[in-house]
Amino acid sequence: MAQALYRKWRSQTFDEVVGQEHVVRTLTSALAQGRIAHAYLFAGPRGTGKTTMARLLAKAVNCLAEDGPKPCNQCAVCQALNEGRLLDLIEIDGASNRGIDEVRTLREQVNFSPNVARYKVYIIDEVHMLTPEAFNALLKTLEEPPAHVIFVLATTEVHKLPPTIISRCQRFDFRRIPLDLIVGRLRFIADAEGIKADQDALELIARSATGSMRDAISLLDQLSSYGSDSITRELVQAMLGAVSVEPLADLLDDVVQGDLKGALGLVAQLVDQGLDPRQLTAELLDYVRDLLQVKAGNPPSLTAAGAQTEARMRAQAEALRVEDLLRLSRLLTQASLEIKGNILPQLPLELALTEAIVKPEAAPAPAQSVQPAQQPKPAPRPAPAPAATPRQEPKPQPAPQEPQPVAAQPRREQPAAASAPAAAPASTAPAGEGIVDLDAVHHRWDEFVENLRTRTPRTLALSVQALLRSGAPLRVEGDVVVVGFPSEFHRHKANENAAKALAEKALAEALGVAHCAIRGVVVSPQELKAAEAARAGKKYAAPPKPTPNAAVSEATDPVIQYATNDLGAVAKPIAPEKPSSVEEETP
Amino acid sequence: MFYIFDGDDDFSRDEALAALKAQLGPADIVSLNTSVFDGASVSLDELRHACDSIPFFGDARLVIVNGLLARFHAPGRKKAGAAEPGEGEDADEPASGAHKEYRTRLLEYLPMLPDTTRLVFLESVLLPSKSPFVALVAQHPDKGRRQAFSLPNPRSRDGLGELAAWIRTRAKAKGARIDAPAVDALIDLIGNDLRLLDSELEKLAAYCGESPITLADVRQLVPLAREAVVWDLIDAIAQKRLRAALDTLRRLLNEGEPALRIFGLMVSEYRLLIQARTLADQGYTDDRIATRLKVHPWRLRQRMDAARRGSAESLKATYRLLLQTDTEIKTGVQEPEAALEFLVANLCR
Ligand SMILES: [Zn+2]
């Protein structure tokens with residue numbers, strides 16, 4: 001069923017073949033001169049037209065047309081072949097006929113003359129699957145092929161063939177078919193079949209087929225039989241989990257403009273629509289790869305970007321340095337690794353974006369066009385979040401965000417911990433004797449964060465690591481290390497019991513103390529940068545002083561609220577679908 | 001009539017045999033009258049029986065023996081074993097007396113072959129000039145013929161010229177012309193594998209038609225040119241040309257070249273660069289480096305520029321980075337194609 005459309009629209013003449021111009025030109029010209037080899041090797045990725053070309057070749061060498069282009073598709077032989085009843089075309093699947101016995105049988109049959117055609121054509125697909133003995137037997141035939149026989153060996157893995165076989169064949173390498181050619185072919189087929197399809201839907205199909213025409217047409221086939229009126233971008237997204245290029249471009253715009261809220265909001269929205277965060281991360285990585293090409297002056301080829309998107313990409317490439325793109329790619333790669341098996345699959349992506357936006361790598365030169373927005377946009381409503389738990393602490397939300405030295409109550413956990421019955425016993429006891437000092441923390445911090453990956457449970461450890469990478473130690477209060485984070489979202493995650501316990505244990509070990517605690521607070525990007533610089537031993541103009549107006553009131557942001565709620569932090573009456581409890585994460 | 005086709009150039013040998021067959025008549029009749037023997041096992045009686053039979057239908061019988069005459073000389077063993085030449089002391093042949101007798105009787109028999117029989121000895125090594133069989137041909141030019149087929153050695157100046165001439169002649173025979181850079185590139189990529197050269201020329205001739213075969217055509221059509229393309233990539237990296245480097249890489253990937261194989265080729269190229277640089281720093285000339293590293297001088301000359309660029313330490317650092325990325329891919333930390341692109345961009349900074 002899925003193959004039907006592909007079979008129907010298989011190229012019947014050399015002119016119809018899409019891509020592989022070098023093969024078509026060589027073969028047609030050789031055929032015109034009657035120079036036919038006895039063994040061909042067609043190598044290349046799947047779905048790039050190897051067997052189609054082999055059939056065309058079989059048809060052309062046997063076509064009875066007196067003149068005009070071959071194959072004619074009119075004569076008896078052409079028709080028999082098109083209808084799959086030409087006995088002289090023998091198609092063998094190498095994967096299921098891989099043994100010596102099958103090849104021996106083949107060698108016997110090879111000696112008989114063709115039934116009706118001029119040549120017997122043997123197409124052996126996936127020929128790399130043959131056993132060594134079978135290859136040996138085949139080699140004997142290839143060394144002295146009967147005059148009436150042509151072999152076409154097709155493979156996706158040419159490096160698995162013995163060199164002796166390769167050297168007996170005329171080899172052609174098939175290439176991935178460029179996106180625009182696939183889109184063009186899809187459009188042609190869709191129109192001919194009366195399938196209504198949006199252009200961007202076709203682009204999305206082509207993109208997910210990564211150069212394979214067969215895959216692309218099969219996808220079109222599946223989508224068209226889905227009963228929907230027309231094939232839209234949304235349908236393709238839903239069916240394939242593919243992300244169209246616009247949201248990716250939007251996300252990158254947010255990165256360029258330093259709009260953290262915008263980026264996180266978009267991610268939440270896309271995930272809400274049912275997109276798999278892993279897929280989203282992978283697509284974003286592809287987009288960044290293309291952006292790198294654009295930056296270098298080459299056209300993008302992974303993302304089916306129309307002229308409009310390409311213009312956007314150029315603008316983005318203009319605003320970002322190669323370093324920024326490489327850093328972004330590193331962050332995304334790291335995120336895609338952490339997504340696997342993560343309880344909150346979108347978290348690593350969110351953290352990666354946050355880090356890319358909030359902590360841009362220090363620009364060496366005045367290349368400040370890169371991150372124009374260092375300051376977060378002023379939050380629309382400075383009002384305290386009503387979502388705060390009604391229990392105790394009448395203090396409004398913003399309080400703990402301000403890094404003011406509220407040393408009086410060192411690590412009174414923010415309401416976040418409320419949902420967890422066990423409020424981290426270690427942290428409630430004031431066990432500190434002030435043994436922890438900031439220099440030591442600064443000194444050991446990198447190592448401590450780096451070594452987190454060796455801890456268990458691994459998924460949690462990697463999350464904690466990613467989380468701490470976006471923060472920086474601010475100061476020490478007794479045995480409490482206060483860590484600044486760029487958003488409430490981070491702060492909240494860091495203060496979660498399981499994460500906290502893991503981090504505290506690791507930090508204590510790194511510092512060589514019996515016990516220490518970590519408290520997360522939200523700070524402004526400037527403060528974060530200052531803390532970061534202080535840690536790196538650099539002088540930095542702005543000391544990490546409390547600057548009241550710098551407090552980020554992202555807690556009021558609906559997106560962050562959604563995130564916090566989804567994390568199971570707050571006992572809100574509106575129950576989230578997945579009240580993932582903290583206990584799940586406890587080691 | 002008997003023929004001796006000897007030498008390491010099996011491609012030309014096969015062609016000579018095919019030409020001989022073609023003289024004897026239609027292929028199907030010839031194949032009815034053909035016997036093929038393995039020289040390692042055929043007895044003289046079997047051989048004589050086949051040669052003495054009268055042809056069936058056609059005019060001639062064709063008897064082909066693979067690797068019999070070289071057995072009587074065993075050139076490889078002379079060095080390995082006793083210094084004395086000759087077959088008497090041959091430990092691998094238990095019946096050395098019988099062996100000698102085989103040779104003598106065969107030498108006696110050959111001039112008496114029936115006129116209708118063509119006996120062909122195919123030998124994969126060159127027979128020594130003092131071989132009694134070579135002498136026999138000289139004595140009976142009407143009864144026997146010898147044709148030696150030796151591959152030109154691309155490492156020697158003469159061999160190189162010979163090979164280039166062969167390529168040009170071959171192209172011409174296929175109705176094509178080929179320019180000098182294309183010839184150089186083919187030699188560099190394929191060496192003296194004449195079968196492969198012929199097959200690629202066949203394609204190139206069809207592809208180019210009237211216009212001469214150029215370097216660009218070679219790059220387009222010859223699969224092995226991938227290795228040269230990988231070199232382009234490294235050259236672009238050495239010159240920090242980001243655009244060219246990324247473009248070349250994307251092209252390779254789109255041609256279906258597996259990322260890991262590109263990595264492998266890059267690793268071996270950098271290894272070569274480091275070796276060349278080390279030798280150059282020790283004062284070796286380019287020619288001596290080429291000899292030491294067993295690479296085509298043309299290929300080395302191309303690379304010395306990149307090898308001399310930057311410090312030896314930075315070459316090594318790149319090499320290590322490459323290996324590290326390779327490991328990360330194999331352990332699933334990175335997706336191969338993306339990793340490769342980002343690595344290349346990184347190296348271009
Ligand atoms: Zn026809």
# chains A, B, ... in the order shown; residues from 1 in each chain; ligands from 1
>>> interface_residues(of="chain B", to="chain A", cutoff="9 Å", atoms="only C-alpha atoms", output="JSON, numbers by chain")
{"B": [27, 195, 196, 199, 200, 202, 203, 204, 205, 206, 207, 208, 209, 220, 221, 222, 223, 241, 242, 243, 244, 246, 247, 250, 253, 254, 255, 256, 257, 332, 333, 334, 335, 338, 341, 342, 343, 345, 346, 349]}
>>> residues_near_ligand(ligand="ligand 1", cutoff="6 Å", atoms="only C-alpha atoms and all ligand atoms", output="NGL selection string")
:A and (63-65 or 71-75 or 77-78)
>>> write_last_selection(atoms="N, CA and C atoms", output="PDB file, in the first residue's frame")
ATOM      1  N   CYS A  63      15.426  -2.979 -25.502  1.00  0.00           N
ATOM      2  CA  CYS A  63      14.343  -2.318 -26.239  1.00  0.00           C
ATOM      3  C   CYS A  63      14.460  -2.609 -27.730  1.00  0.00           C
ATOM      4  N   LEU A  64      13.334  -2.847 -28.351  1.00  0.00           N
ATOM      5  CA  LEU A  64      13.326  -3.239 -29.760  1.00  0.00           C
ATOM      6  C   LEU A  64      13.188  -2.049 -30.708  1.00  0.00           C
ATOM      7  N   ALA A  65      13.009  -0.861 -30.157  1.00  0.00           N
ATOM      8  CA  ALA A  65      12.798   0.316 -31.011  1.00  0.00           C
ATOM      9  C   ALA A  65      13.952   0.474 -31.994  1.00  0.00           C
ATOM     10  N   PRO A  71      14.734   3.532 -23.321  1.00  0.00           N
ATOM     11  CA  PRO A  71      13.646   2.629 -23.727  1.00  0.00           C
ATOM     12  C   PRO A  71      12.455   3.379 -24.324  1.00  0.00           C
ATOM     13  N   CYS A  72      11.737   2.686 -25.244  1.00  0.00           N
ATOM     14  CA  CYS A  72      10.624   3.338 -25.916  1.00  0.00           C
ATOM     15  C   CYS A  72       9.326   3.175 -25.122  1.00  0.00           C
ATOM     16  N   ASN A  73       9.282   2.166 -24.262  1.00  0.00           N
ATOM     17  CA  ASN A  73       8.085   1.858 -23.477  1.00  0.00           C
ATOM     18  C   ASN A  73       6.883   1.463 -24.336  1.00  0.00           C
ATOM     19  N   GLN A  74       7.162   1.179 -25.621  1.00  0.00           N
ATOM     20  CA  GLN A  74       6.081   0.801 -26.539  1.00  0.00           C
ATOM     21  C   GLN A  74       6.242  -0.641 -27.014  1.00  0.00           C
ATOM     22  N   CYS A  75       7.482  -1.036 -27.258  1.00  0.00           N
ATOM     23  CA  CYS A  75       7.703  -2.341 -27.866  1.00  0.00           C
ATOM     24  C   CYS A  75       7.327  -3.469 -26.894  1.00  0.00           C
ATOM     25  N   VAL A  77       9.053  -5.868 -25.606  1.00  0.00           N
ATOM     26  CA  VAL A  77       9.972  -6.103 -24.491  1.00  0.00           C
ATOM     27  C   VAL A  77       9.775  -5.048 -23.401  1.00  0.00           C
ATOM     28  N   CYS A  78       9.726  -3.777 -23.810  1.00  0.00           N
ATOM     29  CA  CYS A  78       9.523  -2.717 -22.833  1.00  0.00           C
ATOM     30  C   CYS A  78       8.240  -2.958 -22.055  1.00  0.00           C
TER      31      CYS A  78
END
>>> closest_residue(among="B:Glu313, B:Glu328, B:Asp28, B:Asp38", to="Phe121 (chain B)", atoms="only C-alpha atoms")
B:Asp38
>>> select_by_dssp(residues="region 142-186 of chain A", states="strand (DSSP E or B)", output="JSON, numbers by chain")
{"A": [149, 150, 151, 152, 153, 154, 155, 170, 171, 172, 173]}
>>> residues_around(residues="region 291-307 of chain B", least_positions_apart="4", cutoff="7 Å", atoms="only C-alpha atoms", output="PyMOL selection string")
chain B and resi 155+188+235+238+273-274+276-277+287
>>> write_last_selection(atoms="N, CA, C and O atoms", output="short mmCIF file (atom, residue, chain, number, x, y, z; two decimals), in the first residue's frame")
data_model
loop_
_atom_site.label_atom_id
_atom_site.label_comp_id
_atom_site.auth_asym_id
_atom_site.auth_seq_id
_atom_site.Cartn_x
_atom_site.Cartn_y
_atom_site.Cartn_z
N ARG B 155 55.89 4.40 -9.08
CA ARG B 155 56.84 5.04 -8.17
C ARG B 155 58.12 5.45 -8.89
O ARG B 155 58.91 6.21 -8.37
N ASP B 188 47.18 9.24 -9.53
CA ASP B 188 47.23 9.45 -8.09
C ASP B 188 46.16 8.63 -7.38
O ASP B 188 46.39 8.04 -6.33
N ASP B 235 42.71 20.69 3.06
CA ASP B 235 43.41 21.85 2.53
C ASP B 235 42.65 23.12 2.90
O ASP B 235 43.25 24.12 3.33
N ALA B 238 43.21 23.83 6.49
CA ALA B 238 44.55 24.37 6.72
C ALA B 238 44.60 25.85 6.39
O ALA B 238 45.30 26.63 7.04
N LEU B 273 50.29 14.20 7.37
CA LEU B 273 50.81 15.56 7.52
C LEU B 273 51.79 15.65 8.68
O LEU B 273 52.84 16.28 8.57
N ILE B 274 51.42 15.00 9.79
CA ILE B 274 52.30 15.06 10.96
C ILE B 274 53.63 14.39 10.66
O ILE B 274 54.70 14.91 10.98
N ALA B 276 55.00 13.94 7.72
CA ALA B 276 55.75 14.76 6.75
C ALA B 276 56.38 15.95 7.45
O ALA B 276 57.55 16.28 7.21
N ARG B 277 55.61 16.57 8.33
CA ARG B 277 56.13 17.73 9.04
C ARG B 277 57.32 17.35 9.91
O ARG B 277 58.34 18.05 9.94
N ASP B 287 61.52 15.08 -1.70
CA ASP B 287 61.65 13.80 -2.41
C ASP B 287 61.91 12.65 -1.45
O ASP B 287 61.33 11.57 -1.58
#
>>> closest_residue(among="B:Ala225, B:Arg288, B:Ser35, B:Leu260", to="Glu337 (chain B)", atoms="only C-alpha atoms")
B:Leu260
>>> closest_atom_pairs(of="region 90-200 of chain B", to="region 46-53 of chain B", cutoff="8 Å", atoms="only C-alpha atoms", output="JSON lines")
{"residue": "B:Leu113", "atom": "CA", "partner": "B:Cys51", "partner_atom": "CA", "distance": 7.1}
{"residue": "B:Pro114", "atom": "CA", "partner": "B:Asp52", "partner_atom": "CA", "distance": 6.5}
{"residue": "B:Thr117", "atom": "CA", "partner": "B:Cys51", "partner_atom": "CA", "distance": 6.1}
{"residue": "B:Arg118", "atom": "CA", "partner": "B:Cys51", "partner_atom": "CA", "distance": 8.0}
{"residue": "B:Leu119", "atom": "CA", "partner": "B:Cys51", "partner_atom": "CA", "distance": 7.2}
>>> residues_around(residues="Leu69 (chain B)", least_positions_apart="3", cutoff="10 Å", atoms="only C-alpha atoms", output="MDAnalysis selection string")
chainID B and resid 4 6 39:40 65:66 72:74 103 106 121:123 125 127 131:133
